[in-house]
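Shown below: data08.csv, with CSV, C-alpha atoms.
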chain,number,residue,atom,x,y,z
A,23,MET,CA,-2.7,-21.2,-14.6
A,24,ILE,CA,-2.9,-21.3,-18.4
A,25,GLY,CA,-2.6,-17.9,-20.1
A,26,GLY,CA,-0.5,-14.8,-19.1
A,27,GLY,CA,-2.8,-12.0,-20.3
A,28,TYR,CA,-4.8,-9.5,-18.3
A,29,ALA,CA,-7.0,-12.2,-16.5
A,30,GLY,CA,-4.2,-14.7,-16.0
A,31,VAL,CA,-1.7,-12.3,-14.5
A,32,MET,CA,-4.2,-10.8,-12.2
A,33,ALA,CA,-5.3,-14.3,-11.0
A,34,ALA,CA,-1.7,-15.5,-10.5
A,35,ASN,CA,-0.7,-12.4,-8.5
A,36,ARG,CA,-3.8,-12.6,-6.3
A,37,LEU,CA,-3.2,-16.3,-5.5
A,38,THR,CA,0.1,-15.5,-3.9
A,39,GLN,CA,-1.8,-14.2,-0.8
A,40,ARG,CA,-1.3,-17.7,0.7
A,41,ASP,CA,2.2,-18.8,1.5
A,42,ASP,CA,1.2,-22.5,1.1
A,43,VAL,CA,0.0,-22.1,-2.5
A,44,THR,CA,2.4,-22.8,-5.4
A,45,VAL,CA,1.5,-20.8,-8.5
A,46,THR,CA,2.7,-21.7,-12.0
A,47,LEU,CA,1.8,-19.6,-14.9
A,48,ILE,CA,2.1,-21.2,-18.4
A,49,ASN,CA,2.2,-18.8,-21.3
A,50,PRO,CA,3.6,-19.1,-24.8
A,51,ARG,CA,5.5,-15.9,-24.7
A,52,PRO,CA,8.2,-14.6,-22.2
A,53,THR,CA,6.7,-11.1,-22.1
A,54,PHE,CA,3.3,-9.6,-21.2
A,55,VAL,CA,1.4,-8.3,-24.3
A,56,GLU,CA,-0.6,-5.1,-24.0
A,57,ARG,CA,-3.3,-6.2,-26.5
A,58,ILE,CA,-5.0,-2.8,-26.2
A,59,ARG,CA,-1.9,-1.3,-27.8
A,60,LEU,CA,-1.4,-3.6,-30.7
A,61,HIS,CA,-2.7,-1.0,-33.1
A,62,GLN,CA,0.1,1.3,-31.9
A,63,LEU,CA,2.7,-1.4,-32.6
A,64,VAL,CA,1.3,-1.5,-36.2
A,65,GLY,CA,1.5,2.2,-36.4
A,66,GLY,CA,5.0,2.4,-34.8
A,67,SER,CA,4.1,4.4,-31.7
A,68,HIS,CA,4.5,1.6,-29.1
A,69,GLY,CA,6.0,-1.8,-28.7
A,70,ALA,CA,2.9,-3.3,-26.9
A,71,VAL,CA,5.0,-5.5,-24.6
A,72,VAL,CA,6.0,-5.3,-20.9
A,73,ASP,CA,8.5,-7.4,-19.1
A,74,TYR,CA,6.8,-9.9,-16.8
A,75,ARG,CA,9.1,-8.7,-14.0
A,76,GLU,CA,7.1,-5.5,-14.0
A,77,VAL,CA,3.6,-7.1,-13.6
A,78,LEU,CA,4.1,-10.6,-12.2
A,79,ALA,CA,4.6,-11.4,-8.5
A,80,GLU,CA,8.0,-12.8,-7.6
A,81,GLY,CA,6.4,-15.9,-6.1
A,82,VAL,CA,4.8,-16.9,-9.5
A,83,ARG,CA,6.8,-19.5,-11.6
A,84,LEU,CA,6.6,-18.7,-15.3
A,85,VAL,CA,6.8,-21.5,-17.8
A,86,VAL,CA,7.1,-20.4,-21.4
A,87,ASP,CA,5.3,-23.1,-23.3
A,88,THR,CA,1.9,-23.9,-24.8
A,89,VAL,CA,-0.6,-26.3,-23.3
A,90,THR,CA,-1.9,-28.8,-25.8
A,91,ARG,CA,-4.4,-30.7,-23.7
A,92,ILE,CA,-6.0,-30.6,-20.2
A,93,ASP,CA,-6.5,-34.0,-18.4
A,94,PRO,CA,-9.2,-33.2,-15.8
A,95,ALA,CA,-9.2,-36.8,-14.5
A,96,GLY,CA,-5.4,-36.8,-14.0
A,97,ARG,CA,-5.3,-33.2,-13.0
A,98,SER,CA,-2.5,-32.3,-15.4
A,99,VAL,CA,-1.8,-30.4,-18.5
A,100,THR,CA,0.3,-31.5,-21.5
A,101,LEU,CA,2.9,-29.1,-22.8
A,102,ALA,CA,3.9,-28.7,-26.5
A,103,ALA,CA,7.6,-29.0,-25.6
A,104,GLY,CA,6.9,-32.3,-23.9
A,105,GLY,CA,6.0,-33.4,-20.5
A,106,THR,CA,3.1,-32.6,-18.2
A,107,VAL,CA,2.4,-30.2,-15.3
A,108,GLY,CA,0.2,-31.3,-12.5
A,109,TYR,CA,-2.3,-29.2,-10.6
A,110,ASP,CA,-4.7,-29.2,-7.7
A,111,TYR,CA,-6.7,-26.3,-9.2
A,112,LEU,CA,-6.5,-25.0,-12.7
A,113,ILE,CA,-7.3,-21.4,-13.9
A,114,TYR,CA,-8.2,-21.4,-17.6
A,115,ALA,CA,-7.4,-17.9,-19.0
A,116,VAL,CA,-6.3,-18.6,-22.6
A,117,GLY,CA,-7.8,-15.3,-23.9
A,118,SER,CA,-8.9,-14.8,-27.5
A,119,GLY,CA,-7.4,-14.1,-30.9
A,120,SER,CA,-8.3,-13.6,-34.5
A,121,ALA,CA,-11.4,-15.5,-35.7
A,122,ASP,CA,-10.9,-17.7,-38.7
A,123,PRO,CA,-12.1,-15.6,-41.6
A,124,ARG,CA,-14.6,-17.4,-43.8
A,125,VAL,CA,-14.5,-14.9,-46.5
A,126,PRO,CA,-12.7,-16.3,-49.6
A,127,GLY,CA,-9.1,-15.1,-49.8
A,128,ALA,CA,-9.1,-13.4,-46.4
A,129,ALA,CA,-6.9,-16.0,-44.7
A,130,GLU,CA,-4.4,-15.8,-47.6
A,131,PHE,CA,-4.2,-12.1,-48.4
A,132,ALA,CA,-5.5,-10.2,-45.3
A,133,TYR,CA,-3.4,-9.5,-42.1
A,134,PRO,CA,-5.1,-10.1,-38.7
A,135,ILE,CA,-3.7,-8.1,-35.7
A,136,ALA,CA,-5.4,-9.7,-32.7
A,137,GLY,CA,-2.1,-11.2,-31.5
A,138,LEU,CA,1.4,-9.9,-31.0
A,139,GLU,CA,3.0,-12.1,-33.7
A,140,GLU,CA,0.3,-11.0,-36.2
A,141,ALA,CA,0.9,-7.3,-35.5
A,142,GLN,CA,4.6,-7.8,-35.8
A,143,ARG,CA,4.2,-9.6,-39.1
A,144,LEU,CA,2.1,-6.7,-40.5
A,145,ARG,CA,4.5,-3.9,-39.4
A,146,PRO,CA,7.3,-4.6,-42.0
A,147,VAL,CA,4.6,-5.1,-44.7
A,148,LEU,CA,3.4,-1.6,-44.1
A,149,ASP,CA,6.9,-0.2,-43.9
A,150,ALA,CA,7.6,-1.7,-47.4
A,151,ALA,CA,4.4,-0.3,-49.0
A,152,PRO,CA,4.6,3.1,-50.7
A,153,ALA,CA,3.2,5.9,-48.6
A,154,THR,CA,0.4,6.4,-51.1
A,155,ALA,CA,-0.6,2.7,-51.2
A,156,ALA,CA,-4.2,2.0,-50.5
A,157,VAL,CA,-4.7,0.4,-47.1
A,158,THR,CA,-8.0,-1.3,-46.2
A,159,VAL,CA,-9.1,-2.0,-42.7
A,160,VAL,CA,-12.0,-4.5,-42.5
A,161,GLY,CA,-14.1,-4.3,-39.3
A,162,ALA,CA,-15.3,-1.2,-37.5
A,163,GLY,CA,-15.1,-2.3,-33.9
A,164,PRO,CA,-12.6,-0.7,-31.6
A,165,THR,CA,-9.6,-2.4,-33.1
A,166,GLY,CA,-10.6,-1.5,-36.7
A,167,ILE,CA,-11.3,2.1,-35.8
A,168,GLU,CA,-8.1,2.5,-33.8
A,169,THR,CA,-6.0,0.9,-36.5
A,170,ALA,CA,-7.5,3.0,-39.3
A,171,ALA,CA,-7.0,6.2,-37.3
A,172,GLU,CA,-3.4,5.4,-36.3
A,173,LEU,CA,-2.4,4.7,-39.9
A,174,ALA,CA,-4.2,7.7,-41.3
A,175,GLU,CA,-2.6,10.0,-38.8
A,176,ALA,CA,0.7,8.7,-40.0
A,177,GLY,CA,-0.2,9.7,-43.6
A,178,ARG,CA,-1.6,6.5,-45.0
A,179,ALA,CA,-4.5,6.4,-47.4
A,180,VAL,CA,-7.0,4.3,-45.4
A,181,THR,CA,-10.4,2.9,-46.1
A,182,LEU,CA,-12.4,1.5,-43.2
A,183,VAL,CA,-14.9,-1.1,-44.3
A,184,CYS,CA,-17.5,-1.5,-41.6
A,185,GLY,CA,-19.6,-4.4,-42.8
A,186,GLY,CA,-22.5,-2.8,-41.0
A,187,VAL,CA,-22.5,0.2,-38.6
A,188,LEU,CA,-19.4,2.1,-37.5
A,189,GLY,CA,-18.6,1.4,-33.9
A,190,PRO,CA,-21.6,-0.9,-33.0
A,191,TYR,CA,-21.1,-0.4,-29.3
A,192,LEU,CA,-21.1,3.4,-29.4
A,193,HIS,CA,-24.1,5.6,-28.7
A,194,GLN,CA,-25.2,7.5,-31.8
A,195,ARG,CA,-23.7,10.7,-30.4
A,196,GLY,CA,-20.4,9.0,-29.8
A,197,ARG,CA,-20.6,7.4,-33.3
A,198,ARG,CA,-21.0,10.9,-34.9
A,199,SER,CA,-17.9,12.1,-33.0
A,200,VAL,CA,-15.8,9.2,-34.2
A,201,ALA,CA,-17.0,9.6,-37.8
A,202,LYS,CA,-16.1,13.3,-37.7
A,203,ARG,CA,-12.6,12.6,-36.4
A,204,LEU,CA,-12.0,9.8,-39.0
A,205,ALA,CA,-13.1,12.2,-41.7
A,206,LYS,CA,-10.7,14.8,-40.5
A,207,LEU,CA,-7.9,12.2,-40.7
A,208,GLY,CA,-8.9,11.4,-44.3
A,209,VAL,CA,-10.2,7.9,-43.6
A,210,THR,CA,-12.9,6.8,-46.1
A,211,VAL,CA,-15.6,5.0,-44.1
A,212,LEU,CA,-17.8,2.5,-46.0
A,213,ASP,CA,-20.8,1.4,-44.0
A,214,GLY,CA,-24.3,0.1,-44.6
A,215,PRO,CA,-25.6,-3.1,-46.4
A,216,GLY,CA,-23.3,-2.6,-49.4
A,217,ALA,CA,-20.1,-2.6,-47.3
A,218,LEU,CA,-19.8,-6.3,-46.5
A,219,VAL,CA,-16.6,-7.9,-47.7
A,220,THR,CA,-17.3,-11.0,-49.9
A,221,ALA,CA,-13.7,-11.7,-51.1
A,222,VAL,CA,-10.1,-10.6,-50.7
A,223,THR,CA,-7.5,-10.8,-53.4
A,224,ARG,CA,-3.8,-9.8,-53.4
A,225,ASP,CA,-4.6,-6.3,-54.5
A,226,ALA,CA,-8.3,-5.7,-53.9
A,227,VAL,CA,-11.3,-6.2,-51.6
A,228,ARG,CA,-14.6,-7.1,-53.1
A,229,LEU,CA,-17.8,-5.7,-51.5
A,230,SER,CA,-21.3,-7.1,-51.4
A,231,GLY,CA,-22.5,-4.2,-53.5
A,232,GLY,CA,-20.4,-5.5,-56.4
A,233,ARG,CA,-17.6,-3.0,-56.0
A,234,ASP,CA,-13.9,-4.0,-56.1
A,235,LEU,CA,-11.9,-1.8,-53.8
A,236,PRO,CA,-8.1,-1.5,-54.6
A,237,SER,CA,-6.1,-2.5,-51.6
A,238,LYS,CA,-2.3,-2.9,-51.4
A,239,VAL,CA,-2.5,-3.9,-47.7
A,240,THR,CA,-5.7,-5.4,-46.2
A,241,ILE,CA,-6.0,-5.6,-42.4
A,242,TRP,CA,-8.6,-7.9,-40.9
A,243,THR,CA,-10.1,-6.9,-37.6
A,244,ALA,CA,-13.5,-8.5,-38.0
A,245,GLY,CA,-14.4,-10.7,-35.0
A,246,PHE,CA,-12.5,-12.7,-32.4
A,247,GLY,CA,-12.2,-16.4,-31.7
A,248,VAL,CA,-10.9,-18.4,-28.7
A,249,PRO,CA,-8.4,-21.2,-28.6
A,250,ASP,CA,-10.0,-24.7,-28.9
A,251,LEU,CA,-8.1,-26.1,-25.9
A,252,ALA,CA,-11.2,-26.6,-23.9
A,253,VAL,CA,-13.0,-28.3,-26.8
A,254,ARG,CA,-10.0,-30.6,-27.5
A,255,SER,CA,-9.8,-31.5,-23.8
A,256,GLY,CA,-13.5,-32.6,-23.7
A,257,LEU,CA,-14.7,-29.8,-21.5
A,258,SER,CA,-18.1,-28.2,-22.0
A,259,THR,CA,-18.1,-25.0,-24.0
A,260,ASP,CA,-20.4,-22.5,-25.7
A,261,PRO,CA,-20.6,-22.5,-29.6
A,262,LEU,CA,-17.6,-20.2,-29.8
A,263,GLY,CA,-15.5,-22.5,-27.7
A,264,ARG,CA,-15.5,-20.5,-24.4
A,265,LEU,CA,-15.4,-22.7,-21.3
A,266,LEU,CA,-18.9,-23.0,-19.7
A,267,THR,CA,-18.9,-22.0,-16.0
A,268,ASP,CA,-21.3,-21.1,-13.2
A,269,GLU,CA,-21.4,-17.7,-11.7
A,270,THR,CA,-18.3,-18.4,-9.5
A,271,LEU,CA,-16.4,-19.0,-12.8
A,272,THR,CA,-16.1,-22.7,-12.0
A,273,SER,CA,-16.3,-25.2,-14.9
A,274,VAL,CA,-19.7,-26.9,-15.1
A,275,ASP,CA,-17.7,-30.2,-15.5
A,276,ASP,CA,-15.1,-29.9,-12.8
A,277,ALA,CA,-14.9,-27.9,-9.6
A,278,ARG,CA,-11.2,-27.8,-9.8
A,279,ILE,CA,-11.2,-25.9,-13.1
A,280,VAL,CA,-11.9,-22.1,-13.0
A,281,ALA,CA,-12.0,-19.8,-16.0
A,282,ALA,CA,-11.5,-16.1,-16.5
A,283,GLY,CA,-11.3,-13.6,-19.3
A,284,ASP,CA,-12.3,-13.8,-23.0
A,285,SER,CA,-12.3,-17.7,-22.9
A,286,ALA,CA,-14.9,-18.0,-20.2
A,287,ALA,CA,-18.7,-18.1,-20.6
A,288,PRO,CA,-20.2,-17.8,-17.1
A,289,SER,CA,-23.8,-19.2,-17.1
A,290,ASP,CA,-23.6,-19.1,-20.9
A,291,LEU,CA,-23.9,-15.3,-20.6
A,292,PRO,CA,-20.3,-14.3,-21.5
A,293,LEU,CA,-19.2,-10.7,-20.9
A,294,ARG,CA,-17.8,-8.4,-23.6
A,295,MET,CA,-14.3,-9.5,-24.6
A,296,SER,CA,-12.1,-6.8,-23.1
A,297,CYS,CA,-9.4,-6.1,-20.5
A,298,GLN,CA,-12.1,-4.2,-18.6
A,299,ALA,CA,-13.8,-7.6,-18.0
A,300,ALA,CA,-10.7,-9.8,-17.9
A,301,MET,CA,-9.0,-8.3,-14.9
A,302,PRO,CA,-12.0,-8.4,-12.5
A,303,MET,CA,-12.7,-11.9,-13.7
A,304,GLY,CA,-9.1,-12.9,-13.0
A,305,ALA,CA,-9.5,-11.5,-9.5
A,306,ARG,CA,-12.8,-13.4,-9.1
A,307,ALA,CA,-11.3,-16.6,-10.4
A,308,ALA,CA,-8.5,-16.4,-7.9
A,309,ASP,CA,-10.9,-15.6,-5.1
A,310,THR,CA,-12.9,-18.7,-6.0
A,311,VAL,CA,-9.9,-20.9,-5.8
A,312,LEU,CA,-8.8,-19.3,-2.5
A,313,SER,CA,-12.3,-19.8,-1.1
A,314,ARG,CA,-12.3,-23.5,-2.0
A,315,ILE,CA,-8.9,-24.0,-0.5
A,316,ALA,CA,-10.2,-22.4,2.7
A,317,GLY,CA,-13.3,-24.6,2.7
A,318,GLU,CA,-15.6,-21.5,2.1
A,319,GLN,CA,-18.3,-20.9,-0.4
A,320,PRO,CA,-17.0,-18.8,-3.4
A,321,SER,CA,-18.8,-15.5,-4.2
A,322,PRO,CA,-20.5,-15.1,-7.5
A,323,LEU,CA,-19.5,-12.9,-10.4
A,324,ASN,CA,-20.2,-9.2,-9.8
A,325,GLN,CA,-19.1,-7.5,-13.0
A,326,VAL,CA,-19.4,-3.7,-13.6
A,327,PHE,CA,-18.6,-1.8,-16.7
A,328,ALA,CA,-17.7,1.9,-17.2
A,329,GLY,CA,-17.8,2.1,-21.0
A,330,GLN,CA,-15.4,1.8,-23.8
A,331,CYS,CA,-12.4,4.0,-24.7
A,332,VAL,CA,-11.1,4.2,-28.3
A,333,SER,CA,-8.0,6.0,-29.5
A,334,LEU,CA,-8.3,8.0,-32.7
A,335,GLY,CA,-4.6,8.5,-33.4
A,336,ARG,CA,-2.2,10.0,-30.9
A,337,ARG,CA,-4.0,13.4,-30.6
A,338,ALA,CA,-7.7,12.4,-30.2
A,339,GLY,CA,-9.8,9.7,-28.7
A,340,ILE,CA,-13.2,9.0,-27.2
A,341,PHE,CA,-14.4,7.5,-23.9
A,342,GLN,CA,-17.9,6.3,-24.4
A,343,PHE,CA,-19.6,6.1,-21.0
A,344,ALA,CA,-22.0,3.2,-20.2
A,345,HIS,CA,-24.5,1.9,-17.7
A,346,ARG,CA,-23.1,-0.6,-15.3
A,347,ASP,CA,-24.5,-3.4,-17.4
A,348,ASP,CA,-22.4,-2.3,-20.4
A,349,VAL,CA,-25.1,-0.4,-22.4
A,350,ALA,CA,-23.8,2.8,-23.9
A,351,LEU,CA,-25.0,6.2,-22.5
A,352,TRP,CA,-25.3,9.4,-24.5
A,353,PHE,CA,-22.4,11.0,-22.6
A,354,HIS,CA,-18.9,10.7,-23.9
A,355,ILE,CA,-15.5,12.6,-23.7
A,356,ASP,CA,-13.8,13.1,-27.1
A,357,GLY,CA,-10.9,15.0,-28.7
A,358,ARG,CA,-7.7,15.6,-26.8
A,359,PRO,CA,-9.3,14.9,-23.4
A,360,GLY,CA,-10.5,11.6,-24.8
A,361,ALA,CA,-7.0,10.8,-25.9
A,362,ARG,CA,-5.6,11.6,-22.5
A,363,LEU,CA,-8.2,9.5,-20.8
A,364,LYS,CA,-7.5,6.6,-23.2
A,365,GLU,CA,-3.8,6.7,-22.3
A,366,LEU,CA,-4.7,6.9,-18.6
A,367,VAL,CA,-6.7,3.7,-19.0
A,368,CYS,CA,-4.0,1.9,-20.9
A,369,GLY,CA,-1.4,2.8,-18.3
A,370,GLY,CA,-3.9,2.0,-15.5
A,371,THR,CA,-4.3,-1.6,-16.7
A,372,VAL,CA,-0.6,-2.3,-16.3
A,373,LYS,CA,-0.5,-0.4,-13.0
A,374,HIS,CA,-3.4,-2.6,-11.6
A,375,LEU,CA,-1.4,-5.7,-12.4
A,376,ALA,CA,1.8,-4.3,-11.0
A,377,ASP,CA,0.0,-3.2,-7.8
A,378,GLU,CA,-1.5,-6.6,-7.3
A,379,ALA,CA,2.0,-8.1,-7.8
A,380,ARG,CA,3.5,-6.0,-5.1
A,381,LYS,CA,0.5,-6.3,-2.7
A,382,SER,CA,-1.6,-9.3,-3.4
A,383,GLY,CA,-5.2,-8.9,-2.5
A,384,SER,CA,-5.2,-5.1,-3.0
A,385,TYR,CA,-7.4,-5.1,-6.2
A,386,SER,CA,-11.1,-4.7,-5.4
A,387,LEU,CA,-12.9,-3.6,-8.6
A,388,HIS,CA,-14.4,-7.1,-9.0
A,389,ARG,CA,-16.4,-6.4,-5.9
A,390,VAL,CA,-18.2,-3.3,-7.3
A,391,SER,CA,-21.8,-4.0,-8.1
A,392,GLY,CA,-22.7,-4.4,-11.7
A,393,GLY,CA,-26.4,-3.7,-11.1
A,394,ALA,CA,-29.5,-5.8,-11.4
A,395,LYS,CA,-29.5,-6.6,-15.2
A,396,ARG,CA,-27.4,-9.7,-15.0
A,397,ARG,CA,-29.3,-11.1,-12.1
A,398,GLN,CA,-32.5,-10.5,-14.0
A,399,LEU,CA,-31.2,-12.4,-17.1
A,400,LEU,CA,-30.0,-15.3,-14.9
A,401,GLN,CA,-33.4,-15.5,-13.1
A,402,ALA,CA,-35.1,-15.6,-16.5
A,403,GLU,CA,-32.9,-18.4,-17.7
A,404,ARG,CA,-33.3,-20.4,-14.5
A,405,ALA,CA,-37.1,-20.0,-14.7
A,406,GLU,CA,-37.0,-21.5,-18.2
A,407,ALA,CA,-34.7,-24.3,-17.0
A,408,ILE,CA,-36.7,-25.5,-14.0
A,409,PRO,CA,-36.9,-29.3,-14.4
A,410,THR,CA,-40.3,-31.1,-14.6
A,411,PRO,CA,-41.2,-33.5,-11.8
A,412,GLY,CA,-38.9,-36.6,-12.0
A,413,GLN,CA,-36.3,-34.8,-14.1
A,414,PRO,CA,-32.8,-34.6,-12.5
A,415,SER,CA,-31.1,-31.3,-12.1
A,416,ALA,CA,-27.5,-30.6,-13.1
A,417,GLY,CA,-24.7,-29.9,-10.6
A,418,HIS,CA,-21.2,-30.8,-9.4
A,419,SER,CA,-19.6,-31.4,-6.1
A,420,ASP,CA,-16.8,-29.5,-4.4
A,421,PRO,CA,-13.8,-31.9,-3.9
A,422,GLY,CA,-12.3,-29.8,-1.2
A,423,ALA,CA,-9.1,-27.8,-0.9
A,424,ALA,CA,-5.6,-28.4,-2.3
A,425,PRO,CA,-2.5,-26.1,-2.3
A,426,CYS,CA,-1.3,-26.1,-5.9
A,427,VAL,CA,-2.6,-24.0,-8.7
A,428,ARG,CA,-1.6,-24.2,-12.3

Mind converting the file's structure to structure tokens?
Amino acid sequence: MIGGGYAGVMAANRLTQRDDVTVTLINPRPTFVERIRLHQLVGGSHGAVVDYREVLAEGVRLVVDTVTRIDPAGRSVTLAAGGTVGYDYLIYAVGSGSADPRVPGAAEFAYPIAGLEEAQRLRPVLDAAPATAAVTVVGAGPTGIETAAELAEAGRAVTLVCGGVLGPYLHQRGRRSVAKRLAKLGVTVLDGPGALVTAVTRDAVRLSGGRDLPSKVTIWTAGFGVPDLAVRSGLSTDPLGRLLTDETLTSVDDARIVAAGDSAAPSDLPLRMSCQAAMPMGARAADTVLSRIAGEQPSPLNQVFAGQCVSLGRRAGIFQFAHRDDVALWFHIDGRPGARLKELVCGGTVKHLADEARKSGSYSLHRVSGGAKRRQLLQAERAEAIPTPGQPSAGHSDPGAAPCVR
């Protein structure tokens, strides 16, 4: 098992259902990171880490290291500290992180916060900046909105540069609610075609409309990237670097490699990067491995979404409800009830992992139907990919069962 985030921990815990399976989890940190709380770490209201003893089953061996290469032929992974770890089945759950910013100066002068170490590096920078210092948050997805609100509630002078529309996922009604709350907190929201960042300097952000925006601290939340481990290991990926799999989350190259979470691209139709998708995918990946060990046919992905929750400081939030296929509905819950619901969701993610650690196999949300939309998209793709007479079709064989998962 590579990766100890939401998907990796769920999969590792679930695999302990079988006494004859040895589960090893390789992760670069000794603690579990609550990524959905990293904006709170920046704002000083939460540490965003949990001891693995609280969420990881006792039967899982934790190796604190980084995997530098996967050798599918040799069924082993190479560790940064030296040596290799062999596997019979490998679950690839390396997650996602900050995308490399291509905007001039962004890599040098802006602070990303997609990872624990990044958020920890930003915290003392903010602490050292005067309370009146201009803070610019670039990117108006959930992370950008949450970070801007968290810092503004703490008294910071914050400008949120959208680069487009505020909260692209949100329904227009939900978007109006978020804009109203940000305005109440004193956040200056810059959206529209003139709000695209073209350069970042030590003390300013340059916009596409030609304006230079003073910025003592610039925080970069625009976009996510995935580790290039699959690419470096010669495995098939999508353009972003996510491992290509079929609907059972099995690699299109190797039936002994299964992927889950942000770093997986099932049928080249990846799900929205989120813990909401990662945990069910982790459970599905584990079930795929368990099915292969038992000599059974794995079940396909069956993902359902409920919506998206966004905190707006400690006293407000919004839960944007959605169709099962992850398209936003008009209905949302905001204000203090939205904040309580957001906190319930954050606590619930850790509880799901802890429950699975105590009673492996108890999690079942990955079996709830996600509706017909994904099946329709898959059918449309397959119809376009039907080979002409004489053209071979792609596929891979199942090598059978084995009792060791890494």

Could you tell me which of A:Leu60, A:Ala34, A:Met303, A:Val82 comes closest to Arg145 (chain A) if we count only C-alpha atoms? A:Leu60

Fewer than 6 positions away in the same chain doesn't count, so skip those; otherwise give me all residues within 9 Å of Ser258 (chain A), counting all atoms listed in the file, as a PDB file with C-alpha atoms, in the frame of the given file.
ATOM      1  CA  ALA A 252     -11.200 -26.600 -23.900  1.00  0.00           C
ATOM      2  CA  ARG A 264     -15.500 -20.500 -24.400  1.00  0.00           C
ATOM      3  CA  LEU A 265     -15.400 -22.700 -21.300  1.00  0.00           C
ATOM      4  CA  LEU A 266     -18.900 -23.000 -19.700  1.00  0.00           C
ATOM      5  CA  THR A 267     -18.900 -22.000 -16.000  1.00  0.00           C
ATOM      6  CA  SER A 273     -16.300 -25.200 -14.900  1.00  0.00           C
ATOM      7  CA  VAL A 274     -19.700 -26.900 -15.100  1.00  0.00           C
ATOM      8  CA  ASP A 275     -17.700 -30.200 -15.500  1.00  0.00           C
TER       9      ASP A 275
END

Near Val183 (chain A), counting all atoms listed in the file, which residues have an atom at most 9 Å away, once you skip same-chain residues fewer than 6 positions from it, shown as an MDAnalysis selection string? chainID A and resid 158:162 166 210:213 217:219

Go through A:Ala205, A:Leu399, A:Ala277, A:Leu138 and flag the residue nearest Ala95 (chain A), using all atoms listed in the file for the distances. A:Ala277

Shell of 8 Å around region 386-397 of chain A, only C-alpha atoms, local chain residues under 6 positions omitted, as a list in words: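 Close residues of region 386-397 of chain A: Pro302, Met303, Ala305, Arg306, Leu323, Asn324, Gln325, Val326, Phe327, Arg346 and Asp347 of chain A.
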
So how many Å separate CA of Val332 (chain A) and CA of Ala132 (chain A), to one decimal?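 Spanning CA of Val332 (chain A) to CA of Ala132 (chain A) is a straight-line distance of 23.0 Å.
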
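For Ser285 (chain A), the set of protein, DNA and RNA residues having any atom at most 7 Å away, when counting only C-alpha atoms and skipping those fewer than 3 positions along the same chain, is Ala115, Val116, Gly117, Ser118, Val248, Arg264, Leu265 and Ala282 of chain A.
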
Work out how far CA of Asp87 (chain A) is from CA of Val64 (chain A), in Å to one decimal.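 Atom-to-atom, CA of Val64 (chain A) to CA of Asp87 (chain A), that is 25.5 Å.
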
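Here the question is which of A:Val43, A:Asp284, A:Val180, A:Phe131 gets nearest to Ala316 (chain A) using all atoms listed in the file, and that residue is A:Val43.
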
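You will find CA of Thr220 (chain A) at 23.5 Å from CA of Ala141 (chain A).
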